[in-house]
Each structure stands twice: as C-alpha cells, then as structure tokens.
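Have a look at run_32.cif below; it lists mmCIF, C-alpha atoms.
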data_coords
#
loop_
_atom_site.label_atom_id
_atom_site.label_comp_id
_atom_site.auth_asym_id
_atom_site.auth_seq_id
_atom_site.Cartn_x
_atom_site.Cartn_y
_atom_site.Cartn_z
CA VAL A 6 -83.12 -57.54 -90.15
CA ALA A 7 -84.70 -60.33 -92.18
CA VAL A 8 -87.22 -57.89 -93.70
CA LEU A 9 -84.51 -55.39 -94.62
CA ALA A 10 -82.37 -58.16 -96.11
CA ASP A 11 -85.31 -59.27 -98.24
CA ILE A 12 -85.94 -55.72 -99.44
CA ALA A 13 -82.28 -55.21 -100.27
CA GLY A 14 -82.03 -58.59 -101.96
CA VAL A 15 -79.31 -59.84 -99.59
CA ASP A 16 -79.11 -63.63 -99.42
CA ASP A 17 -76.31 -63.99 -96.87
CA ILE A 18 -76.50 -61.43 -94.05
CA ASP A 19 -73.45 -62.78 -92.25
CA LYS A 20 -71.34 -62.55 -95.38
CA LEU A 21 -72.43 -58.96 -95.96
CA ALA A 22 -71.64 -58.04 -92.37
CA SER A 23 -68.21 -59.66 -92.69
CA GLN A 24 -67.48 -57.70 -95.86
CA GLN A 25 -68.52 -54.45 -94.17
CA PHE A 26 -66.31 -55.13 -91.16
CA LYS A 27 -63.36 -55.91 -93.42
CA ALA A 28 -63.91 -52.71 -95.39
CA LYS A 29 -64.02 -50.67 -92.18
CA SER A 30 -60.86 -52.37 -90.88
CA LYS A 31 -59.04 -51.67 -94.13
CA GLU A 32 -59.97 -47.99 -93.86
CA LEU A 33 -58.84 -47.87 -90.22
CA ALA A 34 -55.47 -49.37 -91.12
CA SER A 35 -54.86 -46.48 -93.52
CA MET A 36 -55.71 -43.79 -90.99
CA SER A 37 -53.04 -41.66 -89.37
CA ALA A 38 -52.16 -42.01 -85.69
CA VAL A 39 -53.83 -38.65 -85.07
CA ASN A 40 -57.11 -39.87 -86.57
CA LEU A 41 -57.01 -43.19 -84.74
CA VAL A 42 -56.38 -41.60 -81.35
CA ASN A 43 -59.00 -38.87 -81.79
CA GLY A 44 -61.57 -40.59 -83.99
CA ASP A 45 -63.61 -42.38 -81.32
CA GLN A 46 -62.42 -40.77 -78.10
CA LYS A 47 -64.58 -39.70 -75.18
CA THR A 48 -63.62 -37.70 -72.12
CA PHE A 49 -64.73 -38.53 -68.58
CA THR A 50 -64.44 -36.18 -65.62
CA PHE A 51 -63.71 -37.43 -62.11
CA GLU A 52 -63.79 -35.69 -58.74
CA ALA A 53 -62.85 -38.31 -56.17
CA SER A 54 -60.93 -38.23 -52.91
CA GLY A 55 -57.68 -39.35 -54.48
CA PHE A 56 -58.07 -38.28 -58.10
CA ILE A 57 -59.44 -35.15 -59.73
CA GLY A 58 -59.13 -34.73 -63.47
CA GLU A 59 -60.24 -35.79 -66.93
CA ILE A 60 -59.54 -39.11 -68.61
CA GLY A 61 -59.65 -39.60 -72.35
CA PHE A 62 -60.63 -43.08 -73.53
CA ALA A 63 -60.35 -43.91 -77.23
CA VAL A 64 -61.48 -47.12 -78.92
CA VAL A 65 -60.59 -48.65 -82.27
CA GLU A 66 -62.83 -51.54 -83.34
CA THR A 67 -61.45 -53.75 -86.09
CA THR A 68 -61.35 -57.28 -87.49
CA ASP A 69 -57.58 -56.96 -87.93
CA ASP A 70 -56.10 -55.78 -84.65
CA ASP A 71 -52.59 -56.74 -85.75
CA ALA A 72 -52.71 -54.00 -88.40
CA ILE A 73 -53.34 -51.43 -85.67
CA LEU A 74 -51.07 -52.89 -83.00
CA SER A 75 -48.16 -53.03 -85.43
CA ARG A 76 -48.24 -49.22 -85.24
CA VAL A 77 -47.79 -48.94 -81.49
CA ASP A 78 -44.64 -46.84 -81.99
CA GLU A 79 -46.79 -44.27 -83.83
CA LEU A 80 -49.78 -44.43 -81.53
CA LEU A 81 -48.04 -44.06 -78.16
CA PRO A 82 -46.41 -40.68 -78.99
CA GLU A 83 -49.71 -39.45 -80.39
CA LEU A 84 -51.49 -40.45 -77.19
CA VAL A 85 -48.95 -38.40 -75.26
CA ALA A 86 -49.42 -35.43 -77.58
CA CYS A 87 -53.21 -35.64 -77.36
CA LYS A 88 -53.05 -35.88 -73.57
CA LYS A 89 -50.87 -32.79 -73.38
CA GLU A 90 -52.88 -30.72 -75.86
CA LYS A 91 -56.23 -31.50 -74.23
CA GLY A 92 -54.96 -31.13 -70.67
CA LEU A 93 -55.97 -34.66 -69.71
CA SER A 94 -54.80 -36.43 -66.57
CA CYS A 95 -54.79 -39.82 -68.33
CA ILE A 96 -55.49 -41.18 -71.79
CA PHE A 97 -56.10 -44.71 -73.02
CA LEU A 98 -56.61 -46.41 -76.37
CA ALA A 99 -58.30 -49.80 -76.54
CA VAL A 100 -57.90 -51.86 -79.72
CA VAL A 101 -60.85 -54.22 -79.97
CA ASN A 102 -61.04 -57.25 -82.27
CA ILE A 103 -64.78 -57.43 -82.95
CA VAL A 104 -64.57 -60.95 -84.36
CA LYS A 105 -62.56 -62.57 -81.57
CA LEU A 106 -64.18 -60.27 -78.96
CA HIS A 107 -60.83 -59.52 -77.44
CA SER A 108 -59.05 -56.25 -76.69
CA GLN A 109 -55.69 -54.75 -75.83
CA LEU A 110 -55.00 -51.44 -74.13
CA LEU A 111 -52.26 -48.97 -75.06
CA LEU A 112 -50.61 -47.24 -72.10
CA CYS A 113 -48.53 -44.15 -72.82
CA GLY A 114 -47.19 -43.38 -69.36
CA PRO A 115 -46.70 -44.49 -65.74
CA THR A 116 -49.99 -43.03 -64.51
CA GLU A 117 -51.89 -44.92 -67.19
CA ARG A 118 -50.08 -48.15 -66.30
CA ALA A 119 -50.82 -47.74 -62.60
CA LEU A 120 -54.51 -46.97 -63.11
CA ALA A 121 -54.97 -49.75 -65.68
CA GLN A 122 -53.31 -52.28 -63.40
CA ALA A 123 -55.51 -51.26 -60.47
CA THR A 124 -58.62 -51.32 -62.65
CA PHE A 125 -58.20 -54.32 -64.91
CA GLY A 126 -55.30 -56.31 -63.49
CA GLY A 127 -54.43 -57.35 -67.02
CA THR A 128 -51.17 -58.87 -68.23
CA PHE A 129 -48.56 -56.59 -69.75
CA LEU A 130 -47.59 -57.82 -73.20
CA ASN A 131 -44.25 -56.09 -73.73
CA ASP A 132 -41.15 -55.13 -71.79
CA ASP A 133 -41.97 -51.44 -71.42
CA LYS A 134 -45.49 -52.25 -70.20
CA SER A 135 -47.13 -50.07 -72.82
CA LEU A 136 -49.59 -52.76 -73.91
CA MET A 137 -52.02 -54.65 -71.68
CA ASP A 138 -54.20 -57.65 -72.47
CA LEU A 139 -57.81 -56.92 -71.48
CA GLY A 140 -59.15 -60.31 -72.54
CA GLY A 141 -62.86 -60.35 -73.33
CA ARG A 142 -63.54 -56.77 -72.23
CA VAL A 143 -64.67 -55.04 -75.41
CA SER A 144 -67.12 -52.27 -74.48
CA ARG A 145 -66.16 -48.84 -73.26
CA LYS A 146 -69.69 -48.29 -71.93
CA LYS A 147 -70.00 -51.65 -70.15
CA ASP A 148 -66.49 -53.00 -69.54
CA TYR A 149 -64.03 -50.11 -69.32
CA ILE A 150 -65.46 -46.96 -67.79
CA PRO A 151 -67.73 -48.48 -65.10
CA VAL A 152 -64.84 -50.52 -63.66
CA MET A 153 -62.43 -47.60 -63.86
CA THR A 154 -65.00 -45.34 -62.21
CA LYS A 155 -65.37 -47.85 -59.39
CA THR A 156 -61.59 -47.95 -58.92
CA ILE A 157 -61.24 -44.17 -58.82
CA ASN A 158 -64.27 -43.60 -56.62
CA GLY A 159 -62.94 -46.33 -54.35
CA GLY A 160 -60.01 -44.12 -53.43
CA TRP A 161 -57.39 -44.81 -56.10
CA LYS A 162 -54.67 -42.20 -56.33
CA ARG A 163 -51.45 -41.92 -58.24
CA PRO A 164 -48.80 -43.90 -56.34
CA GLU A 165 -46.18 -41.76 -54.63
CA HIS A 166 -42.73 -41.60 -56.21
CA LEU A 167 -44.11 -42.92 -59.50
CA GLY A 168 -41.80 -41.90 -62.33
CA ARG A 169 -42.93 -39.20 -64.72
CA GLY A 170 -43.74 -39.99 -68.32
CA PRO A 171 -43.09 -38.30 -71.66
CA SER A 172 -46.08 -35.94 -71.34
CA THR A 173 -43.89 -33.65 -69.23
CA ILE A 174 -42.79 -32.38 -72.65
CA ASN A 175 -43.46 -28.73 -73.48
CA ILE A 176 -46.53 -28.30 -75.65
CA SER A 177 -44.44 -26.19 -78.04
CA GLU A 178 -42.39 -29.31 -78.84
CA LEU A 179 -45.35 -31.34 -80.11
CA GLY A 180 -45.01 -30.12 -83.68
CA LYS A 181 -47.81 -29.11 -86.03
CA LEU A 182 -50.89 -30.88 -87.36
CA ALA A 183 -51.59 -30.83 -91.09
CA VAL A 184 -54.27 -32.30 -93.34
CA ASP A 185 -52.96 -34.38 -96.22
CA PRO A 186 -54.52 -32.75 -99.32
CA ASN A 187 -54.01 -35.92 -101.35
CA ASP A 188 -55.72 -38.22 -98.88
CA PRO A 189 -59.39 -39.00 -99.70
CA HIS A 190 -60.16 -39.48 -95.99
CA GLY A 191 -58.63 -36.17 -94.95
CA ASN A 192 -56.00 -37.80 -92.75
CA VAL A 193 -54.38 -35.47 -90.25
CA THR A 194 -50.71 -36.04 -89.50
CA ARG A 195 -48.28 -34.53 -86.99
CA HIS A 196 -44.97 -33.10 -88.12
CA GLY A 197 -41.86 -32.04 -86.19
CA SER A 198 -42.78 -33.50 -82.82
CA ALA A 199 -40.01 -34.10 -80.27
CA LEU A 200 -41.81 -37.36 -79.45
CA ASP A 201 -41.23 -38.68 -82.95
CA LYS A 202 -38.62 -41.43 -82.88
CA LYS A 203 -37.57 -40.27 -86.34
CA ASN A 204 -36.12 -37.19 -84.60
CA PRO A 205 -33.93 -38.83 -81.90
CA GLY A 206 -31.80 -35.75 -81.40
CA LEU A 207 -34.82 -33.59 -80.74
CA LEU A 208 -36.25 -36.25 -78.44
CA ARG A 209 -33.04 -36.47 -76.41
CA LYS A 210 -32.91 -32.71 -76.11
CA GLY A 211 -36.46 -32.63 -74.82
CA GLU A 212 -35.77 -35.43 -72.36
CA GLU A 213 -32.66 -33.73 -70.98
CA GLU A 214 -34.49 -30.45 -70.51
CA LYS A 215 -37.39 -32.18 -68.85
CA LYS A 216 -35.09 -34.13 -66.54
CA MET A 217 -33.69 -30.85 -65.26
CA GLU A 218 -37.18 -29.41 -64.83
CA ILE A 219 -38.50 -32.49 -63.06
CA GLU A 220 -35.76 -32.32 -60.44
CA GLU A 221 -36.98 -28.83 -59.52
CA ASP A 222 -40.65 -29.51 -60.14
CA ASP A 223 -43.55 -29.64 -57.75
CA GLU A 224 -44.71 -33.18 -56.97
CA ASP A 225 -48.35 -32.07 -57.17
CA LEU A 226 -48.36 -31.61 -60.97
CA LEU A 227 -51.55 -33.05 -62.47
CA ILE A 228 -50.37 -33.72 -66.00
CA ILE A 229 -47.98 -36.68 -65.88
#

Could I get this structure in the form of structure tokens?
Amino acid sequence: VAVLADIAGVDDIDKLASQQFKAKSKELASMSAVNLVNGDQKTFTFEASGFIGEIGFAVVETTDDDAILSRVDELLPELVACKKEKGLSCIFLAVVNIVKLHSQLLLCGPTERALAQATFGGTFLNDDKSLMDLGGRVSRKKDYIPVMTKTINGGWKRPEHLGRGPSTINISELGKLAVDPNDPHGNVTRHGSALDKKNPGLLRKGEEEKKMEIEEDDEDLLII
C-alpha cells in the first residue's frame, strides 16, 4: 500500500480511504430499494432435516447506516417481492456500518424473525420486530452464513403455528420493474405493487384475499 501511495502521490492514505467510503455511501443512499436489495445478494441452498430451501442474504456496507435504515419502509416490501420472485424460503438484508463495525438486520417476515432469533439471538429494535441488532457481526462470509448454517444443520425448523407473512401475496400483485432513463446509475424501481404503502387500498385487498386463502391453505407451504 505504501508503494502504491507513493506512486500515486497520496500523502494521507486514511483520508483517501475515508473519502472513498463517503463517496460510496452517498451513491448507496441514492439507490432504489430494488438495487439495494439485489445489488450484493447471494443465495445459499440448504438440505437439512428440518429445513430445505434457499436463503437470500443481501449486504449493504456504508459509513452512513442511518441513511439506509431510514428507508426501512421501502426496503421491507422489496425484500418480500424479491423473496417471492426468486422463490426463496427466506431473505435477509444486513446493513453494515464499516466505520463503527456494527450491523443491523432487516427481517421481512415471521420465518426470517424466527431463524434470525435462533441464529443470532439479537435484540429487536422496533415494535414489529423487523429490525435486529447484530452488534459487531459484519461479515457475511465469517459472521452470518456459518452461524446460520450451524443453526439449520443443527435441526432448526420453522416453528409450528407461526403466522404467515406478506410474501403469501400473489406474484401478479408485485407490480412492474422499470429502469429510470434519467438516472445515471440506472436505478431500477418497482411500480404498482400491492405491498407499496402508497397503495393502501390495494394492500388491504391483497391482505383480505390472502387471509381467505390462508384459512384453506396447506400448512406445508414453503414460501412464507
């Protein structure tokens, strides 16, 4: 690093790194919920005694986690939509502050909450338990997936009689994705989704229909 800094004529490496992190965080803050959820997401397949399925785990690394967490109401519905469209059993989004080395986990449904609680035992930060404090866990490769794998392979299964979440929605109700032609980063946004709180009537309609379906539904459904 010292040699490269000398070649590039950089006097203060730490300052340069700080400026780069800030620039990246500023760009992240301007991204759409679709881009944030899908930008750095990996899928992991499990075949254990109590759980068979795929888990999506997305990570957003930033120096300004408040800018991302202030958009929880946008991110949670998009997590649900992504889960439904990709046929995932669970999906998570960790927001990591790379300066404070601290992270928080977004939980879009009851299955995610149950698995996160069994895996991390973190503290829920809001009333609807959609946000969990993960403390100093900051690495998907070292801190998130190995522990979750151990939990699942140790026999974890979805608790019986656990309520169903919003991803029981019909895929046809998730709206359409469109690229903003005026956005230099090619942001993709979702339009007309029944999960959008800006469309409360559509959301209520979807919930009522799903409530009727759930009462008649098979308890062995994988997508929660």

Next item on the list: Could you please determine the separation between CA of His107 (chain A) and CA of Leu139 (chain A) in Å, to one decimal place?
Entry: 7.2 Å

Next item on the list: List the residues matched by the PyMOL selection byres ((chain A and resi 172) around 8) in the displayed structure as a ChimeraX atom specification, ordered by chain and then by residue number.
Entry: /A:85-86,88-89,114,170-171,173-175,228-229

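The spacing separating CA of Pro151 (chain A) from CA of Leu41 (chain A) amounts to 23.0 Å.
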
Note to self: What's the separation between CA of Asp148 (chain A) and CA of Ser37 (chain A), in Å to one decimal place?
What the structure shows: 26.5 Å

Check: With only C-alpha atoms as the basis for distance, which of A:Ile96, A:Leu112, A:Leu120, A:Val64 is at the shortest distance from Lys155 (chain A)?
Finding: A:Leu120

Next item on the list: Mind listing whatever residues come within 9 Å of the point (-43.7, -41.1, -61.9)? Use all atoms listed in the file, file coordinates, and give them as a VMD selection string.
Entry: chain A and resid 114 to 116 163 to 170 229

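Residue nearest Gly44 (chain A) within the list A:Ala119, A:Ile103, A:Cys87, A:Leu111: A:Cys87 [criterion: smallest interatomic distance, only C-alpha atoms].
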